[in-house]
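This report refers to the structure that appears directly beneath it.
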Amino acid sequence: MNDSSWGAPPQAGYWAPSDQGPVQGAAPAGPAYDAHHAQQTRPMPDVPAHGGDQDDDRGAARTGGPLFGDETPPTSPQASSHQASSHQAQNPQEPMSSAAHPAPAPQKKSAGRDLGAAIGVGVGLAAVIVASLFVVKAAFVGVITVAVVVGLWELTSRLAEQKGIKAPLVPLAVGGAALVISGYVRGAEGAWVAMALTALAVLVWRMTEPPEGYLKDVTAGVFAAFYIPFLATFVAMMLTADDGARRVLTFLLLAVVSDTGAYAVGWRFGRHKLAPRISPGKTREGLLGAVAFAMAAGAVCMQFLVDDGTWWQGLLLGLAVAASATLGDLGESMIKRDLGIKDMGTLLPGHGGIMDRLDSLLPTAPVVWLLMVIFVGSG
């Protein structure tokens, strides 16, 4: 073995031969290595198992194994070169393999959804909503009721599967439908009465089961009644105004535009996480996109769709919608993280379940209803 086999001049104190006899890692003396040649043979360096920053800067290899079974310890290019040279020196018969592996092709940034299915389902839902909204108002109340009942079924099913919480679905479904219809027929007063009766029905219905888990079951049931049908009732209450169909359309457009703005801007420009512990995919840039898109859409909708509305009211409405829709999305993300699931259901390809579409709409409904009443009255 000659000096060129190591490819680089020795460093003092690191690669230099020892003057104190045999060195660990040196080639053994034998027919091909007499004492004179052994003094000229460079020993392999004794590399520490955990190199510090200086070791990394010099390109020293780490001899420690991976921290976990599926983890590969990082190795610098210089260290890889030294390892490849030493392996070839110790195994001269093996062909020299290329130390440099081709870099993997950069992955395209994925949108994270089946966009084709998502768009198709979105267009179909929009057609049903617009047709029912502008043909017969009562038909749209039926659409709200169906969405509420399906959402309650999804939520109670996931609670039972993941947490063992048995919120009674029958009184929730009946009470939820009554909530929506009462809000449309009798306004806020009817909605509050229906909410109280639904909570009472949940308490009584659960009494037919053993007492174990009673408190958590009825608590989850009352929460479900408030979260889904009660908040959805404000959409039905919006519909009762003379321009109710256009108010509801404004509400839906702003929620959709806010979500689209957040998604598009966040996917393209998102760098800073908004709430990484709750929803790692959401970014501050996406929130700004939601605000900008919703404010622009709000100005147009209030000016041209809502009776007596003005553009500046639409700016404020759009800002409020972007905030409430984002909070609603984060709120359901908290629920799904607690349950350990990605989606509430699979009913809507590309979207998840009904609740995965209602997450931003539900908390936005009372906000839009209230601002509409303040700006242009309940008319």
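Following the order of the structure tokens, first chain is A, next is B, and so on, with residues numbered from 1 inside each chain and ligands from 1 in the order they appear.
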Can you tell me, as a compact mmCIF listing (two decimals) with N, CA and C atoms, in the first residue's frame, what residues are no more than 10 Å from A:Ser182 when counting only C-alpha atoms, ignoring any on the same chain fewer than 2 positions away?
# COMPACT_ATOMS: atom_id res chain seq x y z
N GLY A 176 -82.48 18.21 15.75
CA GLY A 176 -81.76 19.02 14.78
C GLY A 176 -82.66 19.49 13.65
N ALA A 177 -83.48 18.58 13.13
CA ALA A 177 -84.42 18.98 12.08
C ALA A 177 -85.42 20.00 12.61
N ALA A 178 -85.89 19.79 13.85
CA ALA A 178 -86.83 20.74 14.45
C ALA A 178 -86.19 22.11 14.65
N LEU A 179 -84.91 22.14 14.98
CA LEU A 179 -84.20 23.40 15.15
C LEU A 179 -84.19 24.21 13.86
N VAL A 180 -83.83 23.59 12.77
CA VAL A 180 -83.74 24.30 11.49
C VAL A 180 -85.11 24.81 11.06
N TYR A 184 -86.56 28.80 10.80
CA TYR A 184 -87.12 29.36 9.57
C TYR A 184 -88.54 29.89 9.79
N VAL A 185 -89.33 29.18 10.62
CA VAL A 185 -90.73 29.56 10.81
C VAL A 185 -90.89 30.62 11.90
N ARG A 186 -90.15 30.46 13.02
CA ARG A 186 -90.37 31.33 14.18
C ARG A 186 -89.16 32.20 14.53
N GLY A 187 -88.12 32.15 13.75
CA GLY A 187 -86.96 33.00 14.00
C GLY A 187 -86.12 32.55 15.18
N ALA A 188 -85.40 33.52 15.79
CA ALA A 188 -84.47 33.20 16.87
C ALA A 188 -85.18 32.61 18.08
N GLU A 189 -86.37 33.12 18.39
CA GLU A 189 -87.11 32.61 19.54
C GLU A 189 -87.43 31.13 19.37
N GLY A 190 -87.89 30.76 18.19
CA GLY A 190 -88.20 29.36 17.93
C GLY A 190 -86.96 28.49 17.99
N ALA A 191 -85.82 29.02 17.52
CA ALA A 191 -84.58 28.24 17.54
C ALA A 191 -84.12 27.96 18.97
N TRP A 192 -84.23 28.96 19.85
CA TRP A 192 -83.81 28.75 21.25
C TRP A 192 -84.70 27.73 21.95
N VAL A 193 -86.00 27.81 21.72
CA VAL A 193 -86.92 26.84 22.34
C VAL A 193 -86.60 25.42 21.85
N ALA A 194 -86.38 25.26 20.53
CA ALA A 194 -86.06 23.94 19.98
C ALA A 194 -84.73 23.43 20.51
N MET A 195 -83.77 24.33 20.72
CA MET A 195 -82.48 23.91 21.26
C MET A 195 -82.63 23.38 22.69
N THR A 233 -79.04 26.78 11.94
CA THR A 233 -80.34 27.45 11.94
C THR A 233 -80.22 28.90 11.50
N ALA A 236 -81.06 29.31 7.91
CA ALA A 236 -82.49 29.32 7.66
C ALA A 236 -83.10 30.66 8.05
N MET A 237 -82.59 31.28 9.12
CA MET A 237 -83.09 32.58 9.54
C MET A 237 -82.73 33.67 8.54
Selected residue of minimal separation from A:Asp307 among A:Ala241, A:Ala294, A:Ala147, A:Ile165, counting only C-alpha atoms: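 The shortest atom-to-atom distance to A:Asp307 comes from A:Ala241.
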I'd like the neighbourhood of stretch 333-349 of chain A as a short mmCIF file (atom, residue, chain, number, x, y, z; two decimals) with C-alpha atoms, in the first residue's frame, where a residue qualifies if any of its atoms comes within 12 Å (using only C-alpha atoms), though same-chain residues fewer than 6 positions away should be ignored.
data_model
loop_
_atom_site.label_atom_id
_atom_site.label_comp_id
_atom_site.auth_asym_id
_atom_site.auth_seq_id
_atom_site.Cartn_x
_atom_site.Cartn_y
_atom_site.Cartn_z
CA ARG A 113 -56.45 16.74 -2.72
CA ASP A 114 -58.00 14.83 -5.55
CA LEU A 115 -58.78 18.05 -7.38
CA GLY A 116 -60.81 16.40 -10.12
CA ALA A 117 -63.17 14.72 -7.67
CA ALA A 118 -63.24 17.78 -5.42
CA ILE A 119 -64.22 20.09 -8.27
CA GLY A 120 -66.84 17.69 -9.60
CA VAL A 121 -68.47 17.25 -6.19
CA GLY A 122 -68.28 21.00 -5.56
CA VAL A 123 -70.02 21.81 -8.83
CA GLY A 124 -72.74 19.24 -8.12
CA LEU A 125 -73.37 20.63 -4.62
CA ALA A 147 -76.93 18.25 5.77
CA VAL A 150 -75.86 13.62 8.02
CA GLY A 151 -73.38 15.79 9.90
CA LEU A 152 -74.78 14.60 13.23
CA TRP A 153 -74.50 11.00 12.08
CA GLU A 154 -70.85 11.49 11.08
CA LEU A 155 -69.91 13.21 14.33
CA THR A 156 -71.66 10.74 16.64
CA SER A 157 -70.24 7.79 14.69
CA ARG A 158 -66.67 9.07 15.00
CA LEU A 159 -67.17 9.79 18.72
CA ALA A 160 -68.36 6.23 19.29
CA GLU A 161 -65.59 4.65 17.21
CA GLN A 162 -62.65 6.65 18.51
CA LYS A 163 -63.65 7.58 22.07
CA GLY A 164 -66.41 5.20 23.05
CA ILE A 165 -68.77 8.18 23.56
CA ALA A 220 -71.26 15.23 23.81
CA PHE A 223 -72.38 19.87 22.22
CA ALA A 224 -73.37 18.18 18.95
CA TYR A 227 -72.37 22.77 17.07
CA ALA A 275 -51.19 26.98 14.03
CA PRO A 276 -48.77 24.06 13.54
CA ARG A 277 -50.01 22.11 16.57
CA ILE A 278 -53.60 22.20 15.31
CA SER A 279 -53.39 22.26 11.52
CA PRO A 280 -49.84 22.12 10.09
CA GLY A 281 -51.05 22.84 6.57
CA LYS A 282 -52.39 26.30 7.35
CA THR A 326 -60.56 30.10 9.68
CA LEU A 327 -61.49 29.62 13.33
CA MET A 355 -68.74 17.84 8.30
CA ASP A 356 -65.48 18.48 6.45
CA ARG A 357 -67.44 20.96 4.27
CA LEU A 358 -69.52 22.43 7.10
CA ASP A 359 -66.54 23.17 9.34
CA SER A 360 -66.07 26.76 8.14
#
Strand (DSSP E or B) per DSSP on the backbone: members of stretch 219-320 of chain A, as a PyMOL selection string: chain A and resi 273-275+279-283
Between atom CA of A:Val367 and atom CA of A:Ala320 - distance in Å to one decimal: 7.3 Å
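Non-sequential neighbours of A:Ser258 (distance at most 7 Å, separation of 3 or more positions within a chain, only C-alpha atoms) are Leu254, Ala255, Gly261, Ala262, Ala290, Val291, Phe293, Ala294 and Ala322 of chain A.
Going from atom CA of A:Asp243 to atom CA of A:Phe375 covers 13.7 Å.
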Pick from A:Gly244, A:Gly175, A:Gly318, A:Pro210, whichever lies nearest to A:Val257 using only C-alpha atoms: A:Gly318
Straight-line distance linking atom CA of A:Phe251 with atom CA of A:Leu330, stated in Å to one decimal: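 Rounded to one decimal, the two atoms are 19.2 Å apart.
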Contacts of A:Met302 within 9 Å, only C-alpha atoms, excl. fewer than 3 positions in-chain, as a PyMOL selection string: chain A and resi 247+250+297-299+305-315+317
Limited to all heavy atoms, could you put the picked residues into a file as a tab-separated table (two decimals), in the first residue's frame?
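Writing done, so here's part34.tsv:
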chain	number	residue	atom	x	y	z
A	247	ARG	N	-79.01	36.85	0.31
A	247	ARG	CA	-78.19	36.89	1.53
A	247	ARG	C	-77.49	35.54	1.75
A	247	ARG	O	-76.31	35.49	2.09
A	247	ARG	CB	-79.06	37.23	2.74
A	247	ARG	CG	-79.61	38.63	2.73
A	247	ARG	CD	-80.23	38.98	4.08
A	247	ARG	NE	-80.89	40.29	4.03
A	247	ARG	CZ	-81.25	40.99	5.09
A	247	ARG	NH1	-81.02	40.51	6.31
A	247	ARG	NH2	-81.85	42.15	4.96
A	250	THR	N	-74.77	35.17	-0.72
A	250	THR	CA	-73.60	35.96	-0.30
A	250	THR	C	-72.81	35.22	0.78
A	250	THR	O	-71.58	35.14	0.72
A	250	THR	CB	-74.05	37.33	0.22
A	250	THR	OG1	-74.69	38.05	-0.83
A	250	THR	CG2	-72.88	38.14	0.74
A	297	ALA	N	-64.66	39.87	-2.46
A	297	ALA	CA	-65.96	39.28	-2.79
A	297	ALA	C	-67.08	39.91	-1.98
A	297	ALA	O	-68.19	40.12	-2.48
A	297	ALA	CB	-65.91	37.77	-2.53
A	298	GLY	N	-66.79	40.25	-0.71
A	298	GLY	CA	-67.81	40.88	0.12
A	298	GLY	C	-68.24	42.24	-0.41
A	298	GLY	O	-69.43	42.58	-0.40
A	299	ALA	N	-67.26	43.02	-0.87
A	299	ALA	CA	-67.60	44.34	-1.42
A	299	ALA	C	-68.51	44.20	-2.63
A	299	ALA	O	-69.49	44.95	-2.79
A	299	ALA	CB	-66.31	45.08	-1.79
A	305	LEU	N	-75.80	42.40	-4.59
A	305	LEU	CA	-76.75	41.33	-4.27
A	305	LEU	C	-77.70	41.66	-3.14
A	305	LEU	O	-78.87	41.28	-3.18
A	305	LEU	CB	-75.99	40.04	-3.93
A	305	LEU	CG	-75.27	39.32	-5.08
A	305	LEU	CD1	-74.59	38.05	-4.58
A	305	LEU	CD2	-76.24	38.98	-6.21
A	306	VAL	N	-77.21	42.33	-2.12
A	306	VAL	CA	-78.00	42.58	-0.91
A	306	VAL	C	-78.70	43.94	-1.01
A	306	VAL	O	-78.05	44.95	-1.32
A	306	VAL	CB	-77.12	42.51	0.34
A	306	VAL	CG1	-77.94	42.79	1.60
A	306	VAL	CG2	-76.46	41.13	0.44
A	307	ASP	N	-79.98	43.97	-0.74
A	307	ASP	CA	-80.74	45.22	-0.79
A	307	ASP	C	-80.18	46.22	0.23
A	307	ASP	O	-79.99	45.88	1.42
A	307	ASP	CB	-82.22	44.96	-0.49
A	307	ASP	CG	-82.88	44.15	-1.60
A	307	ASP	OD1	-82.30	44.06	-2.69
A	307	ASP	OD2	-83.97	43.60	-1.34
A	308	ASP	N	-79.95	47.45	-0.25
A	308	ASP	CA	-79.46	48.55	0.59
A	308	ASP	C	-78.05	48.32	1.11
A	308	ASP	O	-77.60	49.05	2.01
A	308	ASP	CB	-80.40	48.80	1.78
A	308	ASP	CG	-81.82	49.14	1.34
A	308	ASP	OD1	-81.96	49.84	0.32
A	308	ASP	OD2	-82.76	48.69	2.02
A	309	GLY	N	-77.35	47.34	0.59
A	309	GLY	CA	-75.98	47.10	1.02
A	309	GLY	C	-75.00	47.99	0.28
A	309	GLY	O	-75.27	48.46	-0.84
A	310	THR	N	-73.85	48.27	0.88
A	310	THR	CA	-72.80	49.09	0.26
A	310	THR	C	-71.48	48.33	0.29
A	310	THR	O	-71.30	47.38	1.06
A	310	THR	CB	-72.62	50.43	1.00
A	310	THR	OG1	-72.28	50.17	2.37
A	310	THR	CG2	-73.90	51.25	0.95
A	311	TRP	N	-70.54	48.78	-0.53
A	311	TRP	CA	-69.27	48.06	-0.68
A	311	TRP	C	-68.44	48.05	0.59
A	311	TRP	O	-67.78	47.06	0.90
A	311	TRP	CB	-68.48	48.68	-1.83
A	311	TRP	CG	-68.06	50.10	-1.59
A	311	TRP	CD1	-68.76	51.22	-1.92
A	311	TRP	CD2	-66.86	50.52	-0.93
A	311	TRP	NE1	-68.08	52.34	-1.52
A	311	TRP	CE2	-66.90	51.93	-0.92
A	311	TRP	CE3	-65.77	49.87	-0.37
A	311	TRP	CZ2	-65.89	52.70	-0.35
A	311	TRP	CZ3	-64.76	50.62	0.20
A	311	TRP	CH2	-64.82	52.02	0.21
A	312	TRP	N	-68.47	49.17	1.35
A	312	TRP	CA	-67.65	49.20	2.55
A	312	TRP	C	-68.16	48.23	3.61
A	312	TRP	O	-67.39	47.66	4.40
A	312	TRP	CB	-67.55	50.62	3.11
A	312	TRP	CG	-68.84	51.20	3.62
A	312	TRP	CD1	-69.71	51.99	2.95
A	312	TRP	CD2	-69.38	51.03	4.94
A	312	TRP	NE1	-70.78	52.32	3.74
A	312	TRP	CE2	-70.60	51.76	4.97
A	312	TRP	CE3	-68.97	50.34	6.08
A	312	TRP	CZ2	-71.40	51.81	6.11
A	312	TRP	CZ3	-69.77	50.40	7.21
A	312	TRP	CH2	-70.97	51.13	7.22
A	313	GLN	N	-69.49	48.02	3.63
A	313	GLN	CA	-70.05	46.99	4.52
A	313	GLN	C	-69.56	45.61	4.10
A	313	GLN	O	-69.30	44.74	4.93
A	313	GLN	CB	-71.57	47.05	4.48
A	313	GLN	CG	-72.17	48.32	5.05
A	313	GLN	CD	-73.65	48.45	4.79
A	313	GLN	OE1	-74.20	47.78	3.90
A	313	GLN	NE2	-74.34	49.29	5.55
A	314	GLY	N	-69.44	45.43	2.77
A	314	GLY	CA	-68.93	44.15	2.27
A	314	GLY	C	-67.49	43.90	2.67
A	314	GLY	O	-67.10	42.75	2.92
A	315	LEU	N	-66.68	44.96	2.75
A	315	LEU	CA	-65.29	44.79	3.20
A	315	LEU	C	-65.25	44.27	4.63
A	315	LEU	O	-64.49	43.35	4.96
A	315	LEU	CB	-64.54	46.11	3.09
A	315	LEU	CG	-64.27	46.67	1.68
A	315	LEU	CD1	-63.57	48.02	1.77
A	315	LEU	CD2	-63.43	45.68	0.87
A	317	LEU	N	-67.71	42.75	6.18
A	317	LEU	CA	-68.30	41.41	6.20
A	317	LEU	C	-67.28	40.37	5.75
A	317	LEU	O	-67.17	39.29	6.35
A	317	LEU	CB	-69.53	41.39	5.29
A	317	LEU	CG	-70.31	40.07	5.23
A	317	LEU	CD1	-70.92	39.76	6.59
A	317	LEU	CD2	-71.41	40.14	4.17
For A:Thr219, the nearest of the candidates A:Gly183, A:Met207, A:Leu252, A:Ala167, counting only C-alpha atoms: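 For A:Thr219, the nearest of the given residues is A:Ala167.
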Helix (DSSP H, G or I) call set, DSSP backbone run, stretch 108-225 of chain A, as a ChimeraX atom specification: /A:115-135,137-163,169-206,214-225
Which residue of A:Leu197, A:Leu287, A:Leu249, A:Ile354 approaches A:Tyr263 most closely, using only C-alpha atoms: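 Going through A:Leu197, A:Leu287, A:Leu249, A:Ile354 one by one, the smallest distance to A:Tyr263 is for A:Leu287.
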